[in-house]
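Trainee: Dropping a structure here in structure tokens format, bear with me for questions.
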Amino acid sequence: MWQGYLHGYTGLMALAFGLMVIEGSTLGALSYLIQPLFDRVFAPGGEGWLIWVGFGILGLFLIRAITSVASKSLLTAIAQKSSTTMQTDLLRHILTLDQAFFQQNPPGALMERVQGDTIAVQGVWSTLITGVGRDAISLLALFAVALSIDPVWCLAALIGAPLLILPALVVQRYIRRKTDQMRIQAGLRATRLDEIFHGIQAIKLNRMEDYQTDRFRRIVGLIVRAETRTMMGRATMPALIDIITGIGFFTVLLLGGREIASGERTTGEFMAFFTSMALTFQPLRRLGDLAGFWQVAAASLERIYRVFDMAPAVIRGVATAAPPATAPEITLRDVHFAYGDQPVLQGLNFTARAGRMTALVGASGAGKSTVFHLLTGLAEPASGAITLAGQDVAAMDLAALRGCFAVVSQDAALFDETIRENVTLGRAVPDDRLQAALDAAHVSDFLAGLPQGVDTPAGPRGSGLSGGQRQRVAIARALIGNAPVLLLDEATSALDAQSEALVAQALDRLGEGRTTLVIAHRLATVREADSIVVMDKGRAVDQGTHDELLARGGLYAELYRLQFKD
């Protein structure tokens, strides 16, 4: 963490630490003034000392207040900035990971890593530095004063300290384990809420309100249990310090009381020593609590760096091939792929001709969507070759490769931004070009009915638009991208007849001059395809036009009869 996130703030940290040294030293100075206060100010004829000692105490409190505010402000600013950088870097790294990572980690767990863990580190870091800086210096200053008065009394005050070592080690391991459990459950809670709010219609229609509430209550109960046990563990260290401090006070009182009674020591010396020991009480408690705070931070840091240590499965070296600028021929030769131990593609071979429409059909699980993942670099084949215009995609820059594809799927991915921003995706697009895309995709047809036209927010996941409207916005986005390859994944399957007709017209315009690959379960949507690849269990078992495949009477003909048996 130091090298990556704190190194840039060494100057500010040194300044904050210097301020904390001053702040911590004031406690030692205050305890030092106790001896002259009792032995001279309160003694007969000590009126001359009163104003000097009084102003000295007042000045120390003013210095302590000013340095405390300044150091805390600096540390808070550093903690906020470093946490923001860590959150951004973590998200950037997560976005480089492959599709399998997101299948194994639900959104709630990832949100907890990016938000919960980094915020926990931020809060603990500020507290930790403050404690180590201010409280450690305070303790050193106070012990220095006590040591200057009587070294034997100091040893007596520390007599119980060795008893802390073993309990401290046990408690720290316990806190770390419970903190990790708490973060895991917090991720499950976020995932559960995400599913509830996005599945609200199904919940209401199936009368699942009580069921979902009970499931959520169980998760929250586990979080509360883990958090309660974490807090109990954190509270144990200050409690142990209280006991050890009490033993020290008792021992010093026995020794000091006898020496004062015998005249070996003055009341001022004893009060200065006793004040020094009393003032160590709160810094010791805070430092004891830091052991628990550190374990909270350590657990969160471990979870964060566990993600940072994950490397993307798809890693490309220096590009040796350029992506095609015009509609390419797409070829898959003996392609194998598996998710874990589950094979998906087993020697897939087919060719999609340049500038033509090729459809992929087959039962669910045949591997159609996986083909799209491999083409766009979301996953890497175990073996075999995929080429665009004769160039191996593995030799292309990943970002440039993805720029070759315009994707329109059944569930159009829109963001909680304006329609303009959902179409342009942050690119600088001239108004005339944007308008042309909106017109071609039939987006302009419904913009007039929206309160802010193209600048109307689409809502979370495009919830402010109908299904057909979302699809048309996605098509306008693809038109702006002007990619040479169009990938359609059941783009019209969830639409009503009128919306489907409009979307189909827009897709026809989008497909002009492009190589088009279509995934379709409804065979009626691919009758006009130039070529249809029939997939079964990860292989291409047939390829041809609609009429050719029906005439051959294979799997395609069987699927066609099942869909159109009436």
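Residue numbers start at 1 in each chain; chains themselves are named A, B, ... in the order of the structure tokens; ligands are numbered from 1 in the order shown.
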Apply DSSP to the backbone of this structure and, from region 283-450 of chain A, keep only the residues in helix (DSSP H, G or I); write these as a ChimeraX atom specification.
Mentor: /A:283-308,368-375,393-395,398-402,419-424,431-440,444-447
Trainee: Within 12 Å of Val335 (chain A), counting only C-alpha atoms, which residues qualify if same-chain residues fewer than 2 places away don't, as an MDAnalysis selection string?
Mentor: chainID A and resid 331:333 337:338 343:350 367 370:371 374:375 380:387 538:540
Trainee: What would the file look like if the residues just selected were written as a PDB file, in the first residue's frame with N, CA and C atoms?
Mentor:
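Generated file (out.pdb):
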```pdb
ATOM      1  N   THR A 331     -13.301 -16.935 -39.887  1.00  0.00           N
ATOM      2  CA  THR A 331     -13.084 -18.377 -39.941  1.00  0.00           C
ATOM      3  C   THR A 331     -12.720 -18.914 -38.564  1.00  0.00           C
ATOM      4  N   LEU A 332     -13.353 -20.004 -38.158  1.00  0.00           N
ATOM      5  CA  LEU A 332     -12.992 -20.735 -36.945  1.00  0.00           C
ATOM      6  C   LEU A 332     -12.511 -22.111 -37.372  1.00  0.00           C
ATOM      7  N   ARG A 333     -11.291 -22.482 -36.944  1.00  0.00           N
ATOM      8  CA  ARG A 333     -10.721 -23.767 -37.335  1.00  0.00           C
ATOM      9  C   ARG A 333     -10.377 -24.589 -36.097  1.00  0.00           C
ATOM     10  N   PHE A 337     -12.865 -25.051 -26.452  1.00  0.00           N
ATOM     11  CA  PHE A 337     -12.979 -24.159 -25.300  1.00  0.00           C
ATOM     12  C   PHE A 337     -13.780 -24.861 -24.212  1.00  0.00           C
ATOM     13  N   ALA A 338     -13.418 -24.537 -22.949  1.00  0.00           N
ATOM     14  CA  ALA A 338     -14.134 -25.123 -21.810  1.00  0.00           C
ATOM     15  C   ALA A 338     -14.238 -24.094 -20.698  1.00  0.00           C
ATOM     16  N   PRO A 343     -16.472 -28.918 -21.039  1.00  0.00           N
ATOM     17  CA  PRO A 343     -16.188 -28.528 -22.425  1.00  0.00           C
ATOM     18  C   PRO A 343     -17.407 -27.866 -23.072  1.00  0.00           C
ATOM     19  N   VAL A 344     -17.142 -26.817 -23.851  1.00  0.00           N
ATOM     20  CA  VAL A 344     -18.223 -26.093 -24.515  1.00  0.00           C
ATOM     21  C   VAL A 344     -18.089 -26.217 -26.039  1.00  0.00           C
ATOM     22  N   LEU A 345     -16.899 -25.911 -26.550  1.00  0.00           N
ATOM     23  CA  LEU A 345     -16.642 -26.074 -27.975  1.00  0.00           C
ATOM     24  C   LEU A 345     -15.633 -27.207 -28.163  1.00  0.00           C
ATOM     25  N   GLN A 346     -15.941 -28.120 -29.067  1.00  0.00           N
ATOM     26  CA  GLN A 346     -15.095 -29.306 -29.249  1.00  0.00           C
ATOM     27  C   GLN A 346     -14.760 -29.489 -30.722  1.00  0.00           C
ATOM     28  N   GLY A 347     -13.835 -28.660 -31.197  1.00  0.00           N
ATOM     29  CA  GLY A 347     -13.414 -28.759 -32.593  1.00  0.00           C
ATOM     30  C   GLY A 347     -14.370 -28.056 -33.531  1.00  0.00           C
ATOM     31  N   LEU A 348     -14.738 -26.817 -33.211  1.00  0.00           N
ATOM     32  CA  LEU A 348     -15.695 -26.069 -34.020  1.00  0.00           C
ATOM     33  C   LEU A 348     -15.024 -25.539 -35.287  1.00  0.00           C
ATOM     34  N   ASN A 349     -15.678 -25.768 -36.420  1.00  0.00           N
ATOM     35  CA  ASN A 349     -15.189 -25.282 -37.708  1.00  0.00           C
ATOM     36  C   ASN A 349     -16.339 -24.654 -38.484  1.00  0.00           C
ATOM     37  N   PHE A 350     -16.169 -23.421 -38.928  1.00  0.00           N
ATOM     38  CA  PHE A 350     -17.101 -22.819 -39.895  1.00  0.00           C
ATOM     39  C   PHE A 350     -16.500 -21.533 -40.425  1.00  0.00           C
ATOM     40  N   GLY A 367     -23.127 -23.726 -27.604  1.00  0.00           N
ATOM     41  CA  GLY A 367     -21.894 -22.960 -27.687  1.00  0.00           C
ATOM     42  C   GLY A 367     -21.978 -21.712 -28.528  1.00  0.00           C
ATOM     43  N   THR A 370     -20.749 -18.555 -26.741  1.00  0.00           N
ATOM     44  CA  THR A 370     -19.307 -18.678 -26.518  1.00  0.00           C
ATOM     45  C   THR A 370     -18.526 -18.242 -27.748  1.00  0.00           C
ATOM     46  N   VAL A 371     -19.070 -18.504 -28.926  1.00  0.00           N
ATOM     47  CA  VAL A 371     -18.415 -18.053 -30.167  1.00  0.00           C
ATOM     48  C   VAL A 371     -18.245 -16.533 -30.145  1.00  0.00           C
ATOM     49  N   LEU A 374     -15.447 -15.541 -27.751  1.00  0.00           N
ATOM     50  CA  LEU A 374     -14.113 -15.803 -28.301  1.00  0.00           C
ATOM     51  C   LEU A 374     -13.753 -14.798 -29.393  1.00  0.00           C
ATOM     52  N   LEU A 375     -14.722 -14.459 -30.221  1.00  0.00           N
ATOM     53  CA  LEU A 375     -14.459 -13.494 -31.291  1.00  0.00           C
ATOM     54  C   LEU A 375     -14.047 -12.139 -30.724  1.00  0.00           C
ATOM     55  N   GLU A 380     -10.521 -16.796 -24.218  1.00  0.00           N
ATOM     56  CA  GLU A 380      -9.469 -17.249 -25.124  1.00  0.00           C
ATOM     57  C   GLU A 380      -9.665 -18.741 -25.397  1.00  0.00           C
ATOM     58  N   PRO A 381      -9.627 -19.175 -26.663  1.00  0.00           N
ATOM     59  CA  PRO A 381      -9.787 -20.606 -26.932  1.00  0.00           C
ATOM     60  C   PRO A 381      -8.623 -21.417 -26.386  1.00  0.00           C
ATOM     61  N   ALA A 382      -8.926 -22.644 -25.974  1.00  0.00           N
ATOM     62  CA  ALA A 382      -7.862 -23.527 -25.487  1.00  0.00           C
ATOM     63  C   ALA A 382      -6.958 -23.956 -26.635  1.00  0.00           C
ATOM     64  N   SER A 383      -7.538 -24.121 -27.809  1.00  0.00           N
ATOM     65  CA  SER A 383      -6.754 -24.482 -28.995  1.00  0.00           C
ATOM     66  C   SER A 383      -7.561 -24.112 -30.227  1.00  0.00           C
ATOM     67  N   GLY A 384      -6.906 -24.195 -31.377  1.00  0.00           N
ATOM     68  CA  GLY A 384      -7.565 -23.811 -32.607  1.00  0.00           C
ATOM     69  C   GLY A 384      -7.251 -22.374 -32.975  1.00  0.00           C
ATOM     70  N   ALA A 385      -7.829 -21.902 -34.076  1.00  0.00           N
ATOM     71  CA  ALA A 385      -7.541 -20.555 -34.570  1.00  0.00           C
ATOM     72  C   ALA A 385      -8.824 -19.867 -35.011  1.00  0.00           C
ATOM     73  N   ILE A 386      -8.869 -18.547 -34.745  1.00  0.00           N
ATOM     74  CA  ILE A 386      -9.963 -17.695 -35.208  1.00  0.00           C
ATOM     75  C   ILE A 386      -9.328 -16.576 -36.029  1.00  0.00           C
ATOM     76  N   THR A 387      -9.791 -16.394 -37.244  1.00  0.00           N
ATOM     77  CA  THR A 387      -9.192 -15.376 -38.113  1.00  0.00           C
ATOM     78  C   THR A 387     -10.242 -14.403 -38.625  1.00  0.00           C
ATOM     79  N   GLY A 538     -21.146 -28.201 -29.168  1.00  0.00           N
ATOM     80  CA  GLY A 538     -19.864 -27.558 -29.406  1.00  0.00           C
ATOM     81  C   GLY A 538     -19.257 -27.805 -30.767  1.00  0.00           C
ATOM     82  N   ARG A 539     -20.013 -28.391 -31.696  1.00  0.00           N
ATOM     83  CA  ARG A 539     -19.494 -28.644 -33.052  1.00  0.00           C
ATOM     84  C   ARG A 539     -20.471 -28.094 -34.079  1.00  0.00           C
ATOM     85  N   ALA A 540     -19.957 -27.791 -35.263  1.00  0.00           N
ATOM     86  CA  ALA A 540     -20.808 -27.430 -36.386  1.00  0.00           C
ATOM     87  C   ALA A 540     -21.161 -28.709 -37.131  1.00  0.00           C
TER      88      ALA A 540
END
```
Trainee: If you run DSSP on the backbone, which residues of region 152-380 of chain A are strand (DSSP E or B), as a list of chain:residue names?
Mentor: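 Output for region 152-380 of chain A, strand (DSSP E or B) only: A:Ile330, A:Thr331, A:Leu332, A:Arg333, A:Asp334, A:Val335, A:His336, A:Phe337, A:Ala338, A:Tyr339, A:Gln342, A:Pro343, A:Val344, A:Leu345, A:Gln346, A:Gly347, A:Leu348, A:Asn349, A:Phe350, A:Thr351, A:Ala352, A:Met357, A:Thr358, A:Ala359, A:Leu360, A:Val361.
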Trainee: Considering only C-alpha atoms, state which residue in the set A:Ala319, A:Leu290, A:Leu58, A:Leu110 is at the smallest distance from Gln87 (chain A).
Mentor: A:Leu110
Trainee: Can you build me a table of region 180-290 of chain A residues sitting at most 6 Å from region 132-145 of chain A, with the closest atom pair per residue and its distance in Å to one decimal, using only C-alpha atoms, sorted by chain and residue number, as JSON lines?
Mentor:
```
{"residue": "A:Ser276", "atom": "CA", "partner": "A:Leu142", "partner_atom": "CA", "distance": 5.2}
{"residue": "A:Thr280", "atom": "CA", "partner": "A:Leu139", "partner_atom": "CA", "distance": 5.9}
{"residue": "A:Pro283", "atom": "CA", "partner": "A:Asp135", "partner_atom": "CA", "distance": 5.0}
```
Trainee: Would you mind exporting N, CA and C atoms of the selected residues as a compact mmCIF listing (two decimals), in the first residue's frame?
Mentor:
```txt
# COMPACT_ATOMS: atom_id res chain seq x y z
N SER A 276 1.83 11.40 35.16
CA SER A 276 2.39 10.82 33.93
C SER A 276 1.78 9.46 33.65
N THR A 280 -1.04 8.23 30.61
CA THR A 280 -0.78 7.15 29.64
C THR A 280 -2.00 6.27 29.43
N PRO A 283 -3.95 7.02 25.91
CA PRO A 283 -3.13 6.59 24.76
C PRO A 283 -2.93 5.08 24.70
```
Trainee: At what distance in Å, to one decimal, does CA of Ala483 (chain A) lie from CA of Val408 (chain A)?
Mentor: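 Distance between the two atoms: 12.1 Å.
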Trainee: Would you mind telling me which residue in A:Pro324, A:Leu398, A:Thr76, A:Gly390 lies nearest to Val124 (chain A) when using only C-alpha atoms?
Mentor: A:Thr76
Trainee: List the neighbours of Thr424 (chain A) out to 9 Å using only C-alpha atoms; skip same-chain residues closer than 6 positions along the sequence, and give me the result as a ChimeraX atom specification.
Mentor: /A:434,476-477,480-481
Trainee: Nearest to Ala120 (chain A): which of A:Leu401, A:Ala440, A:Leu91, A:Met86 is it, counting only C-alpha atoms?
Mentor: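 Using only C-alpha atoms, the shortest distance to Ala120 (chain A) belongs to A:Met86.
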Trainee: Need to verify the contact set: Arg356 (chain A), 8 Å, only C-alpha atoms, exclusion of same-chain residues closer than 6 positions in sequence. Can you return it as a ChimeraX atom specification?
Mentor: /A:514-516,529-530
Trainee: Show which residues sit within 9 Å of Asn422 (chain A), as a list in words. Count only C-alpha atoms, and ignore same-chain residues fewer than 4 positions away.
Mentor: Leu414, Phe415, Asp416, Glu417, Thr418, Gly426, Ala458, Val473, Ala474 and Arg477 of chain A
Trainee: So that I have them on file, write out the residues from the current selection with N, CA and C atoms, as a compact mmCIF listing (two decimals), in the first residue's frame.
Mentor:
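Result written to result-v7.txt:
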```
# COMPACT_ATOMS: atom_id res chain seq x y z
N LEU A 414 -27.93 -0.55 -21.33
CA LEU A 414 -27.94 0.91 -21.25
C LEU A 414 -27.57 1.32 -19.84
N PHE A 415 -27.07 2.56 -19.73
CA PHE A 415 -26.60 3.07 -18.45
C PHE A 415 -27.49 4.21 -17.98
N ASP A 416 -27.36 4.57 -16.72
CA ASP A 416 -28.17 5.64 -16.14
C ASP A 416 -27.60 6.98 -16.55
N GLU A 417 -27.66 7.21 -17.85
CA GLU A 417 -27.17 8.45 -18.46
C GLU A 417 -28.19 8.88 -19.50
N THR A 418 -27.93 9.99 -20.17
CA THR A 418 -28.87 10.44 -21.20
C THR A 418 -28.82 9.51 -22.41
N GLY A 426 -19.30 8.40 -24.62
CA GLY A 426 -18.16 9.25 -24.29
C GLY A 426 -17.35 9.72 -25.48
N ALA A 458 -31.93 7.83 -19.53
CA ALA A 458 -32.50 6.53 -19.86
C ALA A 458 -32.94 5.76 -18.61
N VAL A 473 -31.92 2.24 -29.35
CA VAL A 473 -30.78 3.02 -28.86
C VAL A 473 -29.49 2.24 -29.04
N ALA A 474 -29.54 0.92 -28.75
CA ALA A 474 -28.36 0.07 -28.92
C ALA A 474 -27.94 0.00 -30.39
N ARG A 477 -26.20 3.19 -31.30
CA ARG A 477 -24.83 3.11 -30.76
C ARG A 477 -23.93 2.32 -31.71
```
Trainee: List the neighbours of Ala278 (chain A) out to 9 Å using only C-alpha atoms; skip same-chain residues closer than 5 positions along the sequence, and give me the result as a ChimeraX atom specification.
Mentor: /A:245,249,273
Trainee: So how many Å separate CA of Gly108 (chain A) and CA of Asn206 (chain A), to one decimal?
Mentor: 23.8 Å
Trainee: Skip Val307 (chain A) itself and residues of its chain fewer than 4 positions away, then list as a VMD selection string all residues within 9 Å of it, counting only C-alpha atoms.
Mentor: chain A and resid 90 93 to 94 113 302 to 303 311
Trainee: Between A:Thr230, A:Leu425, A:Ile196, A:Ser71, which is the closest to Tyr211 (chain A) once you count only C-alpha atoms?
Mentor: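 Under the stated criterion, the closest residue is A:Ile196.
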Trainee: Given only C-alpha atoms as the basis, pick out the residue of A:Ala389, A:Leu360, A:Leu240, A:Ala325 nearest to Gly403 (chain A).
Mentor: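 Looking at the shortest contact to Gly403 (chain A), the residue is A:Ala325.
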Trainee: For a quick check of understanding, using only C-alpha atoms, which of A:Val252, A:Ala297, A:Leu549, A:Leu15 has the smallest distance to Phe274 (chain A)?
Mentor: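 Closest residue, counting only C-alpha atoms: A:Val252.
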Trainee: One decimal, Å: what's the distance from CA of Asp180 (chain A) over to CA of Gln122 (chain A), could you say?
Mentor: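 Result for CA of Asp180 (chain A) versus CA of Gln122 (chain A): 16.5 Å, one decimal.
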